[in-house]
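Asker: Here you go, one structure.
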Amino acid sequence: MTRNTINVLIGGEAGQGLVTIGEILTKSVARSGYSVVVTQSYQSRIRGGHNSFAIRMGADEVIAPQEAVDILVPLDKDTVRIHREELSPWGLIIMDEALDIADDQGIKVPFKQWAPDKFLNIAALGVVSYLIGLDEELVSQTMNKFFDKMDQETVKENRLVLEKAFRWTADQPLSFQKLPRVSHASDRLVMNGNEAIALGALSAGLKFYSFYPMTPATSIAVNLAGKSEKMGIIVEQAEDEIAAINMAIGASFTGAPSMVGTSGGGFALMTEGVSLAAMTETPIVIVVSQRPAPATGLPTRTEQSDMELVLHSGHGEFPRAIFAPGTVEECFYLTRKAFELAERYQGPIFILTDQFFADSYRAIDPFDIEDMSPVNPSYALTSSSSPYRRYAFTDSGISQRMLPGISKHLVVADSDEHSEDGHITEDLTVRQRMVEKRLKKGEGIKAEVLPPQLQGDEKPDMVLVSWGSSKGAVLEAASQMRSNGKRIATLHFTQVWPLVSEQFSEHLQKTRELVCIEGNATGQLARLIRRETGVLIAKQVLRYDGLPITPEYILRKLCSN
Amino acid sequence: MTRNTINVLIGGEAGQGLVTIGEILTKSVARSGYSVVVTQSYQSRIRGGHNSFAIRMGADEVIAPQEAVDILVPLDKDTVRIHREELSPWGLIIMDEALDIADDQGIKVPFKQWAPDKFLNIAALGVVSYLIGLDEELVSQTMNKFFDKMDQETVKENRLVLEKAFRWTADQPLSFQKLPRVSHASDRLVMNGNEAIALGALSAGLKFYSFYPMTPATSIAVNLAGKSEKMGIIVEQAEDEIAAINMAIGASFTGAPSMVGTSGGGFALMTEGVSLAAMTETPIVIVVSQRPAPATGLPTRTEQSDMELVLHSGHGEFPRAIFAPGTVEECFYLTRKAFELAERYQGPIFILTDQFFADSYRAIDPFDIEDMSPVNPSYALTSSSSPYRRYAFTDSGISQRMLPGISKHLVVADSDEHSEDGHITEDLTVRQRMVEKRLKKGEGIKAEVLPPQLQGDEKPDMVLVSWGSSKGAVLEAASQMRSNGKRIATLHFTQVWPLVSEQFSEHLQKTRELVCIEGNATGQLARLIRRETGVLIAKQVLRYDGLPITPEYILRKLCSN
Amino acid sequence: MVTISDYGKYDTTWCPGCGNFSILEAMKQALVARGLEPHQVLFISGIGQAAKAPHYLNANVFNGLHGRSLPVATGAKLANPELTVIVESGDGCSYGEGGNHFLAAIRRNIDVTLLAHNNQVYGLTKGQASPTSDEGFITKVQPGGVASAAFNPAVVAVAMHAGFVARAFARLTDNLSDIIQQAIAYRGFSLIDVLQPCVSFNKVNTFAWYKSRCYPLPKDYDPTDWYAAVKTADQWGDRIPVGVIYRNERPPFEEHFPVLSQGPLVGRDVDRMMLKKIMEGYA
Amino acid sequence: MVTISDYGKYDTTWCPGCGNFSILEAMKQALVARGLEPHQVLFISGIGQAAKAPHYLNANVFNGLHGRSLPVATGAKLANPELTVIVESGDGCSYGEGGNHFLAAIRRNIDVTLLAHNNQVYGLTKGQASPTSDEGFITKVQPGGVASAAFNPAVVAVAMHAGFVARAFARLTDNLSDIIQQAIAYRGFSLIDVLQPCVSFNKVNTFAWYKSRCYPLPKDYDPTDWYAAVKTADQWGDRIPVGVIYRNERPPFEEHFPVLSQGPLVGRDVDRMMLKKIMEGYA
Ligand SMILES: Cc1ncc(C[n+]2csc(CCOP(=O)(O)OP(=O)(O)O)c2C)c(N)n1
Ligand SMILES: Cc1ncc(C[n+]2csc(CCOP(=O)(O)OP(=O)(O)O)c2C)c(N)n1
Ligand code: SF4
Ligand code: SF4
Ligand SMILES: [Mg+2]
Ligand SMILES: [Mg+2]
């Protein structure tokens, strides 16, 4: 679609190692100073089928995936069949000559001549690396680092195959336009959304993570578990999601900043616990990584259809905040923010992400970890009043929090309606005040809401409204339309609850046309905006086939609509 | 508050038998041809504390509870302390002289002189019955029927105590205004909301009910279990709520019209199952009987705070209908309707009720049970096409349903995204069409929505908007205001989803003032109406102290606001 | 007469070499041996690699939620007791997420066969520990090794006096098929815990590992001796007995419902006269 | 020195004559005997009549959801291993709704004491069958009598090689108090299943019923003999043994977490240099 970026798609069966080449290539590209957006598409199986790993890269900032493929690397025939029509006019297919496919954009590579089958991946990596203009030495180093504990023999062989691939490609009469040289810092990191959430949580002071495996949230657990000993945290796989959230609540109650992560179905099981956290006023951060539903749906694909669920989850009424990061950096910072709010307002705070974003690697600058202090704890070690009352009424609705066993004060928390001291009550006057106390905290949460980000033309003919992981795609589509002479603005929400009408409703009114762009089938944000502002966003670009929203998708829909 | 009705409140500790007198009195009143509304208020304990059973009765139709008490029957001192100020100016306190309370509206009754302590209840019943003008013979018969399997000795003693009570009261110089004579049919039934739901379900053809005990839904199970053998149905207590809904889905899949009942917290646990019913397109009726939350909240009190939860429950997107009956008759008919929709649209259909209503006895005319056929099953015994495809695409989104084992056709249902034949698929084109197929059914549901009921002045200055169990209270408050010369209309929703804007939004626009009346703290219906129509209902009368909405409460709030 | 081919042949999404293939074969053999036609059988499964099994043969199928197949099976069987109801799911599904239903199914003794593909790992979600993973088993989320004791479904089932308890090894296909036949024939709840090598994620409990340990129970083993069965079921480690470990004659759950003596609930009319009488009871 | 009065005296919402009162007394006695001060103890409970118990003494309390106290306790103990964590809840809470957590707690061997008030009925919700209700027990929702076999928590726990398994009778208060002390002292998961008469809803398993059946285990009973313990735990009916049925020396769950050797997690700083290094690993 644009010649400023190159989109490399590696496709093949699960188990063929396409993620390996994908990751090495991504890291090499990032270390060369380029920007990347990775899109992983895989099936709910361990071997076989068809998976793909697409890396879009560029010298300027790349913010969205792209459908058009500039270099296709098929590890099997199916990949060509499935992705051929995505190939751009100048695109190339880098394929093993053994694949036996005739295609005038195809480059048949004599992989088998260079090394045995198991090095095919490395060979393909070499060809692509050369084509896009990477430095051989850098790719080789990246590879070595990736294969960490490899014997010297294999390291040498890998290197050799890479060299052959580079040399062979250099000799081909190809005019593929390489990436321009850049002089960016080479300490760029490669991180996907879930990794950034894990890192953000660690930096915020996470001490306890409990979970039950569920795609696409599991990688948060994997990332945290791998670091648990070093960081002095506990990561525990629970017997089910209900246990996961209740454990985290227990750990938070006794003083460990806690988080849980899951996806729609697992989250449905957690919702009673969400209500418990609210009632007992226990801080907890909950990550919901969305995938297509109902029920088991498409476990390894993406969707944005659980926003309303998360917003209304848990019986009864209580305040909450829902963050929906749109960049990897936001994953990091909003996770920190989630811990802050959870501590301050003592209740459930949500991070809403999705499969696309969970698996989407990006090149980012390192965070200033050293300068970032963990979130301030909300508990006090001594109490001003005695006996200590866990749910003392205050103007803000926030009561002083103490921890059991840390002082002589007794801490009593209750899932039943309770009086200020935490003991069960049936006093209905107290009940009413407690409801008001809890809801009062919502005002505080509202006061620190992140306003949606308005970008683009000042007097737009059209405003594109969006939330969460589609941020990049929407921005790119808008800028594309602007370069076609249209006046477009975007209004993107990285926090979808609370919504503060005053922050954005005028932006919605100052345009002729509003379009809401969402990865679901019913337009959940549009509905919510109408509920909170009265503004109807009649036009919607929705996607619900399990794939992420791309700039092309938006443009196609806006033109055909 | 009004002298057209008499409100009798019996109060005392749990275990003192106040429900017994309450029920006998209610039945006697109903059998005498009067109308009644019962309000039960009890604590989450088995013995002790303070409970009350209030019966408001009248010759004309009584539709709402009343706070003012005309006859107070305290079984302990606490009752007087708690309810004294509710006593109307002409009210009486019927108390055992042993209670030793001085009150100029108090009537000290020499209960102990008539019989031993255990007959105190009957004695009080006699005094009250006389005061309100019931026939002694009728009360006696009602009592005998109530105590079903009692020995002759006790029957005789009861009768004797009743007689003494009537005689003694007749001799007192009291000028309490009796109920006017009526000539209503004496075959009136006394039924509360949950009983009517159970009966409606049986008449619709319910064959399987699974549940996990939870107040205030348990009485549905009690009612059904007691009739299970006679009606040839299965009632099964599950190991937890998750099992309850999954069992019901299993039973429905193999051909038994199925229902589950629970309250907020239990429902939260069922929400993954709701999504499963939607995805597998299995009919199921789900009763959610609301109580104050979050978490365990006030288990035995009332609230209307789970509407948004029910509306958005279950991950992913799928159609549903939510009924919120406002009279006992509606409980019956809407339950039947719920079964109809569940069968026709093959998915989850909800009935939203609450503790007040679950326990609120009313006098009703018998239903024409004989003339009511069970709901038509949606399954076919033979298939037109072979191989049978469970999820065949159709214009309505409704696929022919068949049952496993009934024919040679194989029935395949899947919680994963599936193709028409029910087998798991990762074909994303099929995914998209399946989403559309499922949502399509929502249009059918929408086409048969029950419009909200508009009543009152044609050109109202104020419209009171409400839903569910508060119906009677809102109607009565409105008529009260009208008799004070105000122009008031009411718009009451007995189906809260889907909302069809065209059916009612003009009513909302033709008035100066809109007030939403809800038993929750955040105005959930008001929010939903804004979401669906854009109309903001700024003024709200909300109640969230665990008690039901009464006409007095509404009037107090409207005047003070 | 029903033959293996009636149960069809499907492409699967399993890894080459997976133990699931033999289980599928053994199941088909058993169904044929029992003379069951596809439409007489209802498979119910959860989510996982094992839980896909019912998609790979001809039969009625309800592929439900992860961990929730037993309640679905219970409801399905109660509504139509004439169906042969078989639950197939993984160890995670059956003993992890579904642990509470496992206990309840045993207590009910509902006439359902639970065939658990026990690969001691979560396969579909890529290799986390399952309840049956051995202590110390290392995974990406258990880098220090599993800290909980492994769940032994057989010993729990026997301890609870379950109706029919068996353990099998996937690659002893004939033995497994025979056990499945007995389990289907058994009127009550039958558990078959099938040890199943997962070539992708369990590099400890491999084919060879199981093979060298599993031994069939001796011919004279008496599965009705509860106390002995407890000990047999508890055996795990160097020697793992396979076969029918325990069985008794508890009546199946369905027998407690008089209404079921007349067969399926479907199509039964509502007795309106009775209902009218019931209604009149509210007078 | 801590005394009974430190644990306070509260009005309860229990029925007069309920077995819960003696359990409350035994618990206070045990805490005092162990020299524990109220702030050192954290009670965690679910929902039910039994689950209200922690409100009736002075201590830290987390009264959570029905059935979910064990996971809360697990998290609480892991975050602060110095607390004495005691779960008190009913049979419905612990073995019904919470069945899966019961299995998991045993497998983990987390150092938590579960004291289950087992009245064989759902008290707070007015008398439905519980998992431990005897077969045939009649209630308003089980008018034909309970059709499932009763759950015997002790035999399941022993079968799973739980760390510490005891059964007690509420009215043998001293015996109970002694068992509670042992359970608290035990480093690992300890189950105390306490038979508790419910005067309001269980008219079968009454005080007299239990009293005539419960007998203390003989002095020479060896609770470390697993195989014998299975049989002892299984005993139910005319004779019901009470006492410590089984115990072993499995390491408690907390020991698997090196980080916990330094005590509670609270107040630990984030090692930012380490985190920076971790971040750099993403290069
Ligand atoms: C409620 C819920 N939680 C988690 C998941 C994710 N999940 C799918 S399969 C699976 C585990 C599968 O393990 P097992 O049951 O042993 O089957 P296997 O794949 O090993 O055959 C999990 C955790 C889910 N689908 N639903
Ligand atoms: C999720 C959920 N389901 C159901 C309930 C209702 N409930 C409260 S207590 C209880 C049973 C109590 O029985 P048990 O645990 O044996 O305690 P007991 O009252 O007998 O002491 C139930 C079912 C609930 N509070 N939450
Ligand atoms: S992941 Fe394991 S269990 Fe699943 S198919 Fe592959 S080998 Fe079999
Ligand atoms: S209902 Fe039973 S268990 Fe509950 S307090 Fe009363 S006697 Fe005790
Ligand atoms: Mg497994
Ligand atoms: Mg109990």
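Ordering of the structure tokens sets the chain letters (A, B, ...), residue numbers begin anew at 1 in every chain, and ligands are numbered from 1 in the order given.
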Pick out the residues sitting within 9 Å of D:Leu70, and hand them over as an MDAnalysis selection string; count only C-alpha atoms, and ignore anything fewer than 4 positions along from it in its own chain.
Answerer: (chainID A and resid 243 246:247) or (chainID D and resid 44:46 74:75 87 94 98 101:102 104:105 112 114)
Asker: Within 6 Å of chain C, which residues of chain D are there when counting only C-alpha atoms? Please give them as a short mmCIF file (atom, residue, chain, number, x, y, z; two decimals) with C-alpha atoms, in the first residue's frame.
Answerer:
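This is the output file result_35.cif:
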```cif
data_model
loop_
_atom_site.label_atom_id
_atom_site.label_comp_id
_atom_site.auth_asym_id
_atom_site.auth_seq_id
_atom_site.Cartn_x
_atom_site.Cartn_y
_atom_site.Cartn_z
CA GLY D 99 -15.23 -28.50 45.87
CA ASN D 100 -12.57 -27.72 43.31
CA ARG D 107 -2.68 -30.80 46.41
CA ARG D 108 -0.85 -27.59 47.32
CA SER D 148 -26.37 -38.73 45.41
CA ALA D 149 -23.94 -40.51 47.67
CA VAL D 156 -11.00 -38.03 49.88
#
```
Asker: Env of B:Phe253: 10 Å cut, atoms = only C-alpha atoms, seq-sep filter 6 positions within chain, self excluded. Answer as a PyMOL selection string.
Answerer: (chain B and resi 247+277+280-284+379+401-404+411+413) or (chain C and resi 62+72+75-76+79-80)
Asker: Would you mind listing the residues within 9 Å of ligand 4, counting only C-alpha atoms and all ligand atoms, as a ChimeraX atom specification?
Answerer: /B:45-47 /D:12-21,48-50,90,117-119,121-127,196-202
Asker: List as JSON lines every residue of chain B that is in contact with chain C, defined as an atom at most 6 Å from one of its atoms (using only C-alpha atoms), together with the nearest atom pair and the distance in Å rounded to one decimal, sorted by chain and then rising number.
Answerer:
```
{"residue": "B:Leu189", "atom": "CA", "partner": "C:Ala283", "partner_atom": "CA", "distance": 4.1}
{"residue": "B:Val190", "atom": "CA", "partner": "C:Tyr282", "partner_atom": "CA", "distance": 5.6}
{"residue": "B:Gly205", "atom": "CA", "partner": "C:Val270", "partner_atom": "CA", "distance": 5.9}
{"residue": "B:Gly232", "atom": "CA", "partner": "C:Val259", "partner_atom": "CA", "distance": 5.3}
{"residue": "B:Ala243", "atom": "CA", "partner": "C:Pro71", "partner_atom": "CA", "distance": 5.2}
{"residue": "B:Asn246", "atom": "CA", "partner": "C:Val72", "partner_atom": "CA", "distance": 5.0}
{"residue": "B:Met247", "atom": "CA", "partner": "C:Gly75", "partner_atom": "CA", "distance": 4.2}
{"residue": "B:Ala248", "atom": "CA", "partner": "C:Gly75", "partner_atom": "CA", "distance": 5.8}
{"residue": "B:Gly250", "atom": "CA", "partner": "C:Val72", "partner_atom": "CA", "distance": 4.2}
{"residue": "B:Ala251", "atom": "CA", "partner": "C:Gly75", "partner_atom": "CA", "distance": 4.2}
{"residue": "B:Thr254", "atom": "CA", "partner": "C:Ala76", "partner_atom": "CA", "distance": 5.4}
{"residue": "B:Gly255", "atom": "CA", "partner": "C:Val266", "partner_atom": "CA", "distance": 4.9}
{"residue": "B:Ala256", "atom": "CA", "partner": "C:Val266", "partner_atom": "CA", "distance": 5.7}
{"residue": "B:Ile369", "atom": "CA", "partner": "C:Lys276", "partner_atom": "CA", "distance": 5.9}
{"residue": "B:Glu370", "atom": "CA", "partner": "C:Arg272", "partner_atom": "CA", "distance": 5.6}
{"residue": "B:Pro404", "atom": "CA", "partner": "C:Asn60", "partner_atom": "CA", "distance": 5.8}
{"residue": "B:Gly405", "atom": "CA", "partner": "C:Gln40", "partner_atom": "CA", "distance": 5.2}
{"residue": "B:Lys408", "atom": "CA", "partner": "C:His39", "partner_atom": "CA", "distance": 5.3}
{"residue": "B:Leu410", "atom": "CA", "partner": "C:Asn60", "partner_atom": "CA", "distance": 4.9}
{"residue": "B:Val411", "atom": "CA", "partner": "C:Asn60", "partner_atom": "CA", "distance": 4.8}
{"residue": "B:Val412", "atom": "CA", "partner": "C:Val61", "partner_atom": "CA", "distance": 4.5}
{"residue": "B:Ala413", "atom": "CA", "partner": "C:Phe62", "partner_atom": "CA", "distance": 4.8}
{"residue": "B:Asp414", "atom": "CA", "partner": "C:Asn63", "partner_atom": "CA", "distance": 4.7}
{"residue": "B:Ser415", "atom": "CA", "partner": "C:Gly64", "partner_atom": "CA", "distance": 5.0}
```
Asker: Would you please give, as a ChimeraX atom specification, all residues of stretch 15-209 of chain C that DSSP assigns to alpha helix (DSSP H) based on the backbone?
Answerer: /C:20-33,69-79,91,99-108,153-159,173-185,207-209
Asker: With only C-alpha atoms as the basis for distance, which of B:Gln141, B:Ser384, B:Ser396, B:Ser419 is at the shortest distance from chain A?
Answerer: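 Using only C-alpha atoms, chain A sits closest to B:Ser419.
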Asker: Please provide as a ChimeraX atom specification all residues within 7 Å of A:Ser289, with the sequence filter that same-chain residues fewer than 5 positions apart are discarded (counting only C-alpha atoms).
Answerer: /A:216-217,262-263,352-355
Asker: With 6 Å as the limit and counting only C-alpha atoms, what residues in chain B lie close to chain A? Please list them as a compact mmCIF listing (two decimals) with N, CA, C and O atoms, in the first residue's frame.
Answerer:
```txt
# COMPACT_ATOMS: atom_id res chain seq x y z
N GLY B 264 -27.92 -12.58 41.80
CA GLY B 264 -26.74 -11.92 41.25
C GLY B 264 -25.43 -12.69 41.26
O GLY B 264 -24.83 -12.93 40.22
N GLY B 265 -24.96 -13.06 42.45
CA GLY B 265 -23.66 -13.72 42.55
C GLY B 265 -23.65 -15.06 41.85
O GLY B 265 -22.68 -15.43 41.17
N ALA B 268 -23.59 -14.40 38.18
CA ALA B 268 -22.25 -14.04 37.69
C ALA B 268 -21.50 -15.32 37.30
O ALA B 268 -20.85 -15.37 36.26
N LEU B 269 -21.66 -16.35 38.11
CA LEU B 269 -20.98 -17.61 37.82
C LEU B 269 -21.55 -18.30 36.59
O LEU B 269 -20.89 -19.13 35.96
N THR B 271 -22.47 -16.84 33.86
CA THR B 271 -22.44 -16.04 32.63
C THR B 271 -21.65 -16.70 31.50
O THR B 271 -21.96 -16.50 30.34
N GLU B 272 -20.65 -17.49 31.84
CA GLU B 272 -19.96 -18.21 30.76
C GLU B 272 -20.95 -19.16 30.08
O GLU B 272 -20.92 -19.32 28.85
N SER B 275 -23.21 -17.52 27.57
CA SER B 275 -22.53 -17.38 26.29
C SER B 275 -22.54 -18.72 25.53
O SER B 275 -22.69 -18.75 24.30
N LEU B 276 -22.42 -19.80 26.26
CA LEU B 276 -22.45 -21.13 25.64
C LEU B 276 -23.82 -21.41 25.02
O LEU B 276 -23.92 -21.92 23.90
N MET B 279 -23.99 -19.50 21.82
CA MET B 279 -23.14 -20.01 20.75
C MET B 279 -23.66 -21.33 20.22
O MET B 279 -23.65 -21.56 19.00
N ALA B 293 -26.46 -5.90 46.19
CA ALA B 293 -25.08 -6.32 46.02
C ALA B 293 -24.21 -5.08 46.22
O ALA B 293 -24.73 -4.09 46.70
N PRO B 294 -22.93 -5.05 45.93
CA PRO B 294 -22.09 -6.09 45.33
C PRO B 294 -21.90 -7.29 46.28
O PRO B 294 -22.33 -7.25 47.43
N ALA B 295 -21.25 -8.30 45.70
CA ALA B 295 -20.90 -9.52 46.43
C ALA B 295 -22.12 -10.06 47.17
O ALA B 295 -23.22 -10.06 46.65
N THR B 296 -21.93 -10.50 48.40
CA THR B 296 -23.04 -11.12 49.11
C THR B 296 -24.10 -10.10 49.51
O THR B 296 -25.28 -10.41 49.58
N GLY B 297 -23.67 -8.86 49.72
CA GLY B 297 -24.62 -7.77 49.94
C GLY B 297 -25.60 -8.04 51.06
O GLY B 297 -25.23 -8.39 52.17
N LEU B 298 -26.87 -7.86 50.75
CA LEU B 298 -27.93 -8.14 51.71
C LEU B 298 -28.79 -9.25 51.14
O LEU B 298 -29.72 -9.00 50.38
N SER B 305 -30.68 -3.96 40.71
CA SER B 305 -29.39 -3.46 40.24
C SER B 305 -28.65 -4.41 39.32
O SER B 305 -27.48 -4.21 39.01
N ASP B 306 -29.32 -5.45 38.84
CA ASP B 306 -28.61 -6.39 37.96
C ASP B 306 -29.09 -6.37 36.52
O ASP B 306 -28.83 -7.30 35.76
N LEU B 309 -26.08 -5.95 34.23
CA LEU B 309 -25.32 -7.21 34.28
C LEU B 309 -25.95 -8.25 33.37
O LEU B 309 -25.28 -8.88 32.55
N HIS B 312 -25.61 -7.53 29.61
CA HIS B 312 -24.29 -7.68 29.00
C HIS B 312 -23.57 -8.96 29.42
O HIS B 312 -22.39 -9.13 29.14
N HIS B 315 -19.58 -13.48 27.49
CA HIS B 315 -18.63 -12.83 26.60
C HIS B 315 -19.10 -12.96 25.17
O HIS B 315 -19.79 -13.90 24.80
N GLY B 316 -18.71 -11.98 24.36
CA GLY B 316 -19.12 -11.99 22.97
C GLY B 316 -20.49 -11.37 22.78
O GLY B 316 -21.10 -10.88 23.73
N SER B 415 -19.18 -25.13 20.86
CA SER B 415 -18.88 -23.88 21.58
C SER B 415 -17.81 -23.07 20.86
O SER B 415 -17.70 -21.86 21.04
N ASP B 416 -17.02 -23.74 20.05
CA ASP B 416 -16.08 -23.04 19.16
C ASP B 416 -16.90 -22.46 18.01
O ASP B 416 -18.02 -22.86 17.75
N GLU B 417 -16.30 -21.55 17.28
CA GLU B 417 -16.95 -21.15 16.05
C GLU B 417 -17.02 -22.39 15.17
O GLU B 417 -16.13 -23.24 15.19
N LEU B 428 -12.53 -18.01 8.40
CA LEU B 428 -12.95 -16.70 8.91
C LEU B 428 -14.12 -16.11 8.14
O LEU B 428 -14.83 -15.23 8.65
N ARG B 431 -16.92 -17.65 9.94
CA ARG B 431 -17.03 -16.93 11.22
C ARG B 431 -17.91 -15.69 11.06
O ARG B 431 -18.85 -15.47 11.81
N GLN B 432 -17.58 -14.92 10.06
CA GLN B 432 -18.32 -13.68 9.89
C GLN B 432 -19.81 -13.95 9.64
O GLN B 432 -20.68 -13.31 10.23
N ARG B 527 -30.14 5.08 31.89
CA ARG B 527 -28.94 5.01 31.04
C ARG B 527 -29.21 4.26 29.76
O ARG B 527 -28.77 4.63 28.68
N ARG B 530 -31.27 6.21 27.36
CA ARG B 530 -30.49 7.21 26.65
C ARG B 530 -29.66 6.55 25.55
O ARG B 530 -29.54 7.06 24.44
N ARG B 531 -29.10 5.41 25.88
CA ARG B 531 -28.29 4.71 24.90
C ARG B 531 -29.10 4.35 23.66
O ARG B 531 -28.61 4.39 22.54
N GLY B 534 -31.34 8.27 22.90
CA GLY B 534 -30.71 9.57 23.02
C GLY B 534 -31.37 10.46 24.06
O GLY B 534 -30.84 11.51 24.42
N ASP B 545 -31.64 0.93 49.58
CA ASP B 545 -31.39 0.56 50.99
C ASP B 545 -31.91 -0.84 51.29
O ASP B 545 -31.95 -1.24 52.44
```
Asker: Find the distance between atom CA of A:Ser378 and atom CA of A:Ser407 and write it in Å to one decimal.
Answerer: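 Answer for the atom CA of A:Ser378 to atom CA of A:Ser407 separation: 15.4 Å.
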Asker: Choose the residue, out of A:Lys230, A:Pro348, A:Thr215, A:Glu458, that has the smallest atom-to-atom separation from A:Ile245; count only C-alpha atoms.
Answerer: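 Checking each of A:Lys230, A:Pro348, A:Thr215, A:Glu458 against A:Ile245, counting only C-alpha atoms, the winner is A:Pro348.
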Asker: Show me, as a ChimeraX atom specification, the residues that have an atom within 12 Å of C:Leu31 when counting only C-alpha atoms, minus same-chain residues fewer than 4 positions from it.
Answerer: /C:1-7,24-27,35-43,57-59,84-86,177-185
Asker: Using DSSP on the backbone, list every residue of stretch 433-532 of chain A that comes out as strand (DSSP E), and give them as a PyMOL selection string.
Answerer: chain A and resi 453-456+462-467+488-493+495-497+513-518
Asker: Residues within 10 Å of B:Phe119, please, as a ChimeraX atom specification. Count only C-alpha atoms; anything in the same chain fewer than 3 positions from it doesn't count.
Answerer: /B:111-112,114-116,122-125,154,157-158,161-162
Asker: I'd like the contact shell of B:Ser52 - 6 Å cut-off, only C-alpha atoms, skipping same-chain residues fewer than 4 positions apart - returned as number ranges by chain.
Answerer: B: 10-11, 40-41
Asker: Output the selection as a PDB file, in the first residue's frame - N, CA and C atoms for each residue.
Answerer:
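So the final result, stored in again-v4.pdb, reads:
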```pdb
ATOM      1  N   ILE B  10     -47.252  -7.648  60.694  1.00  0.00           N
ATOM      2  CA  ILE B  10     -46.915  -8.561  61.782  1.00  0.00           C
ATOM      3  C   ILE B  10     -45.395  -8.573  61.900  1.00  0.00           C
ATOM      4  N   GLY B  11     -44.891  -8.336  63.075  1.00  0.00           N
ATOM      5  CA  GLY B  11     -43.438  -8.280  63.222  1.00  0.00           C
ATOM      6  C   GLY B  11     -42.963  -9.133  64.370  1.00  0.00           C
ATOM      7  N   GLN B  40     -42.676  -8.892  52.454  1.00  0.00           N
ATOM      8  CA  GLN B  40     -41.955  -9.618  53.493  1.00  0.00           C
ATOM      9  C   GLN B  40     -40.557  -9.048  53.638  1.00  0.00           C
ATOM     10  N   SER B  41     -40.214  -8.828  54.864  1.00  0.00           N
ATOM     11  CA  SER B  41     -38.891  -8.277  55.136  1.00  0.00           C
ATOM     12  C   SER B  41     -38.251  -9.162  56.191  1.00  0.00           C
TER      13      SER B  41
END
```
Asker: Of the residues D:Arg34, D:Asn175, D:Gly8, D:Asn205, which is the one nearest to ligand 6, using only C-alpha atoms and all ligand atoms?
Answerer: D:Asn205
Asker: To one decimal in Å, tell me the separation between atom 14 (P, counted along the ligand's line) of ligand 2 and atom CA of A:Tyr391.
Answerer: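 It comes out at 26.9 Å.
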Asker: To one decimal place, how far is atom CA of A:Ile286 from atom CA of D:Thr113 in Å?
Answerer: 28.6 Å
Asker: With distances taken over only C-alpha atoms and all ligand atoms, which residue among A:Tyr130, A:Tyr34, A:Phe211, A:Phe53 lies nearest ligand 1?
Answerer: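 Smallest distance to ligand 1 is found for A:Phe211.
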